[in-house]
Amino acid sequence: MAVDQQVLTQQLAGLDALEESQGRRRITAGQLWRKTWPKLAALALALVLWQLVVESGWREEYVLPAPATVLAKLGEIVTTNSFWAGVGVTARRAAVGFGLAVVVGGFVGALVATIRPLRVAVGALITGLQTMPSIAWFPLAILLFQLSEGAITFVVVLGAAPSIANGLIGGIDHVPPILVRAGRMLGAKGPTLFRHVILPAAMPSCLAGLKQGWAFAWRSLMAGELLVLLGVPSIGARLQAGREFSDAPLLLAMMIVVLVIGIVVDGLFGMADHRLRRRRGLVDTAT
Amino acid sequence: MTMTEPRVPGTPAKAGIAVKIDGVSKRYPTGVVALDDINLTVGVGEFVCLVGASGCGKSTLLTLIAGLDHPTVGEIVVPGGRPTLLFQEAALLPWQTASGNVELALRLRGIAKAERRAKAAELLELVHLGGMGERRPHELSGGMRQRVALARALAQEPDILLMDEPFGALDAMTRDLLHDELERIWSETGKTIIFVTHNVREAARLGDRIVLLTSRPGRVAAEFPVDIARPRRIESPPVSSLAGDVTAALRREVARHGR
């Protein structure tokens, strides 16, 4: 038996070694370049097209300035303290609004996904809210909160929370039943089962909901900052200032800032999503 | 390891009843009768294999013993202690490492955080996966995943292991080795095992007793004691011969449905 045991151990180890998946791959400079050059090319193409439109004389230069002018203006404003103060104000509003939306959307989503009558009652309503343009909330928000931070936060939360709730509900609906059974067999039930099995299993869809929720929050916030001016130098307020003073280069520069922030945050969500899928073996490593 | 005394086949290692199934029927809301008047007693430390064609309610029976569902009629008592169920799919949590899966079982049992890691490593060592603790399920082969699932089940310190075709999806070579492995763990730990399979040879290789179930509805058709000394080999003549007898009975049973 002792010898048999050793043989068995060796045979198992042999099989395991043979079935070993290929080692993890590292990101090389070449791979990085392959991912980067199409983006740079697209950016260059956009700038060239912009320049061509300007040169065609379709609009006066003071209305539609050339890319070089706008980029120079952008370079100039990013060195000022007031610009970064404005970015700070907007970022704080975004963080507070999105954070509240995560709490509200997560709570509502978890309840609706797990309590059947509640699902029947408000499931469709959540989807309805998701499709509602956030700007349509502003008149009510201003009535309720006057021209205040509260009005902006209210609309940001209402913009983002339905997507977050729906992402969580969809994720919970698609949790493989076998994992739930396995969790119950391990002795998990109620909140413990939710925390250790259902929520992590729902995470990919939940993350997609968070990403979409962020997009809605960012749009709502920009709309809010244009409508609700509080004398604070936020990004939206500067955009509005660009229009009021017919400062086209400033206006376009601020639009680029809005775009870049949107892309950066979306990229962060993308990275989180990729990491999550890689850990679960959902990324094809063959390519 | 010292030589363990081969058990006398067909008799429990310890006295006592692990599972008693008394007149159990299961009817689903769709009207399907999965099980019809099942009577079965499993002794403590016994290794019983349930064999049957598709639709014999083998899995349903395990689910009922595990307490994940309740019989429509009849009663199941489990005086042999805590059961746990292993599925055909390993059903590991894909976001956890191998060790993390085992540690969760320990955590849900209330084991202190400080002890979990070492205990999980010990259990993975027991299924010959020492050093694989940081792998995630997708980085393991099917056989390795099943062994992690076994380690996770053992982490619950169950007295009864309910196994639902756990090796059904594995290649023959891996399956053979896991038979040796399971037999070893069974003889070392003295747990009661109820093992569902459609593979008759596997049943003859592993069981103290083979219970043949009929299909639609599931009833106990016949029982075969396995009087073959351990350790056994799946290709040995006595195992093949017994498998032949059980297969003949199973075919007669299946043929009834062909008319």
# chains A, B, ... in the order shown; residues from 1 in each chain; ligands from 1

call {"tool": "interface_residues", "arguments": {"of": "chain B", "to": "chain A", "cutoff": "9 Å", "atoms": "only C-alpha atoms", "output": "JSON, numbers by chain"}}
result
{"B": [1, 2, 3, 4, 66, 67, 68, 83, 84, 85, 86, 87, 89, 91, 92, 93, 94, 95, 96, 104, 105, 106, 108, 109, 128, 129, 136, 137, 138, 139, 140, 141, 143, 144, 152, 153, 156, 173, 174, 177, 178, 180, 181, 184, 231]}

call {"tool": "residues_around", "arguments": {"residues": "range 151-163 of chain A", "least_positions_apart": "4", "cutoff": "7 Å", "atoms": "only C-alpha atoms", "output": "VMD selection string"}}
result
chain A and resid 97 to 98 100 to 102 104 to 105 126 to 127 129 to 130 134 137 to 138 141 to 142 145 to 147 167 209 212 to 214 216 to 217 220 to 221 224

call {"tool": "residues_around", "arguments": {"residues": "Leu227 in chain A", "least_positions_apart": "4", "cutoff": "9 Å", "atoms": "only C-alpha atoms", "output": "PyMOL selection string"}}
result
chain A and resi 138+147+222-223+236-237+240

call {"tool": "residues_around", "arguments": {"residues": "range 107-115 of chain A", "least_positions_apart": "5", "cutoff": "8 Å", "atoms": "only C-alpha atoms", "output": "PyMOL selection string"}}
result
chain A and resi 122-123+164-166+168-169+172-173

call {"tool": "write_last_selection", "arguments": {"atoms": "C-alpha atoms", "output": "PDB file, in the first residue's frame"}}
result
ATOM      1  CA  VAL A 122     -41.124  48.223 -10.027  1.00  0.00           C
ATOM      2  CA  GLY A 123     -38.964  46.226 -12.485  1.00  0.00           C
ATOM      3  CA  ILE A 164     -26.667  50.499 -11.646  1.00  0.00           C
ATOM      4  CA  ALA A 165     -29.785  48.799 -10.272  1.00  0.00           C
ATOM      5  CA  ASN A 166     -30.518  47.149 -13.625  1.00  0.00           C
ATOM      6  CA  LEU A 168     -27.172  44.272 -10.538  1.00  0.00           C
ATOM      7  CA  ILE A 169     -30.614  42.779 -11.250  1.00  0.00           C
ATOM      8  CA  ILE A 172     -28.274  38.263 -10.187  1.00  0.00           C
ATOM      9  CA  ASP A 173     -30.695  36.796 -12.739  1.00  0.00           C
TER      10      ASP A 173
END

call {"tool": "select_by_dssp", "arguments": {"residues": "range 41-188 of chain B", "states": "alpha helix (DSSP H)", "output": "PyMOL selection string"}}
result
chain B and resi 58-66+98-108+113-126+142-155+172-188

call {"tool": "write_last_selection", "arguments": {"atoms": "C-alpha atoms", "output": "compact mmCIF listing (two decimals), in the first residue's frame"}}
result
# COMPACT_ATOMS: atom_id res chain seq x y z
CA LYS B 58 -30.51 9.39 -8.92
CA SER B 59 -29.66 13.05 -8.64
CA THR B 60 -33.05 13.85 -7.13
CA LEU B 61 -32.42 11.29 -4.41
CA LEU B 62 -29.06 12.87 -3.52
CA THR B 63 -30.65 16.31 -3.45
CA LEU B 64 -33.24 15.01 -0.99
CA ILE B 65 -30.62 13.37 1.25
CA ALA B 66 -28.60 16.60 1.14
CA ALA B 98 -8.43 26.92 -5.19
CA SER B 99 -7.42 27.79 -1.65
CA GLY B 100 -10.08 30.53 -1.48
CA ASN B 101 -12.78 28.01 -2.36
CA VAL B 102 -11.69 25.69 0.43
CA GLU B 103 -11.26 28.60 2.83
CA LEU B 104 -14.82 29.78 2.19
CA ALA B 105 -16.11 26.37 3.30
CA LEU B 106 -14.02 26.69 6.46
CA ARG B 107 -15.17 30.24 7.03
CA LEU B 108 -18.83 29.29 6.73
CA LYS B 113 -9.30 33.40 9.94
CA ALA B 114 -5.83 32.61 11.24
CA GLU B 115 -6.36 28.86 10.88
CA ARG B 116 -8.13 28.82 7.52
CA ARG B 117 -5.12 29.17 5.29
CA ALA B 118 -3.11 26.38 6.87
CA LYS B 119 -6.15 24.11 7.06
CA ALA B 120 -6.95 24.71 3.38
CA ALA B 121 -3.35 23.92 2.41
CA GLU B 122 -3.60 20.71 4.39
CA LEU B 123 -6.82 19.69 2.62
CA LEU B 124 -5.36 20.49 -0.80
CA GLU B 125 -2.35 18.40 0.15
CA LEU B 126 -4.73 15.53 0.96
CA GLY B 142 -11.11 19.06 -14.98
CA GLY B 143 -9.63 16.40 -12.72
CA MET B 144 -7.84 18.98 -10.60
CA ARG B 145 -11.04 21.01 -10.25
CA GLN B 146 -12.91 17.93 -9.03
CA ARG B 147 -10.19 17.34 -6.45
CA VAL B 148 -10.49 20.95 -5.25
CA ALA B 149 -14.25 20.37 -4.99
CA LEU B 150 -13.52 17.24 -2.94
CA ALA B 151 -11.15 19.19 -0.68
CA ARG B 152 -13.83 21.86 -0.29
CA ALA B 153 -16.40 19.20 0.61
CA LEU B 154 -14.01 17.64 3.13
CA ALA B 155 -13.43 21.10 4.62
CA ALA B 172 -10.61 7.50 -18.46
CA MET B 173 -7.03 7.88 -17.28
CA THR B 174 -7.84 10.67 -14.85
CA ARG B 175 -10.95 8.84 -13.69
CA ASP B 176 -8.92 5.70 -12.85
CA LEU B 177 -6.51 7.70 -10.73
CA LEU B 178 -9.33 9.51 -8.97
CA HIS B 179 -10.94 6.16 -8.15
CA ASP B 180 -7.72 5.18 -6.36
CA GLU B 181 -7.64 8.57 -4.71
CA LEU B 182 -11.25 8.44 -3.52
CA GLU B 183 -10.84 4.88 -2.22
CA ARG B 184 -7.78 5.99 -0.27
CA ILE B 185 -9.52 9.02 1.27
CA TRP B 186 -12.57 6.90 2.09
CA SER B 187 -10.50 4.23 3.86
CA GLU B 188 -8.46 6.88 5.71
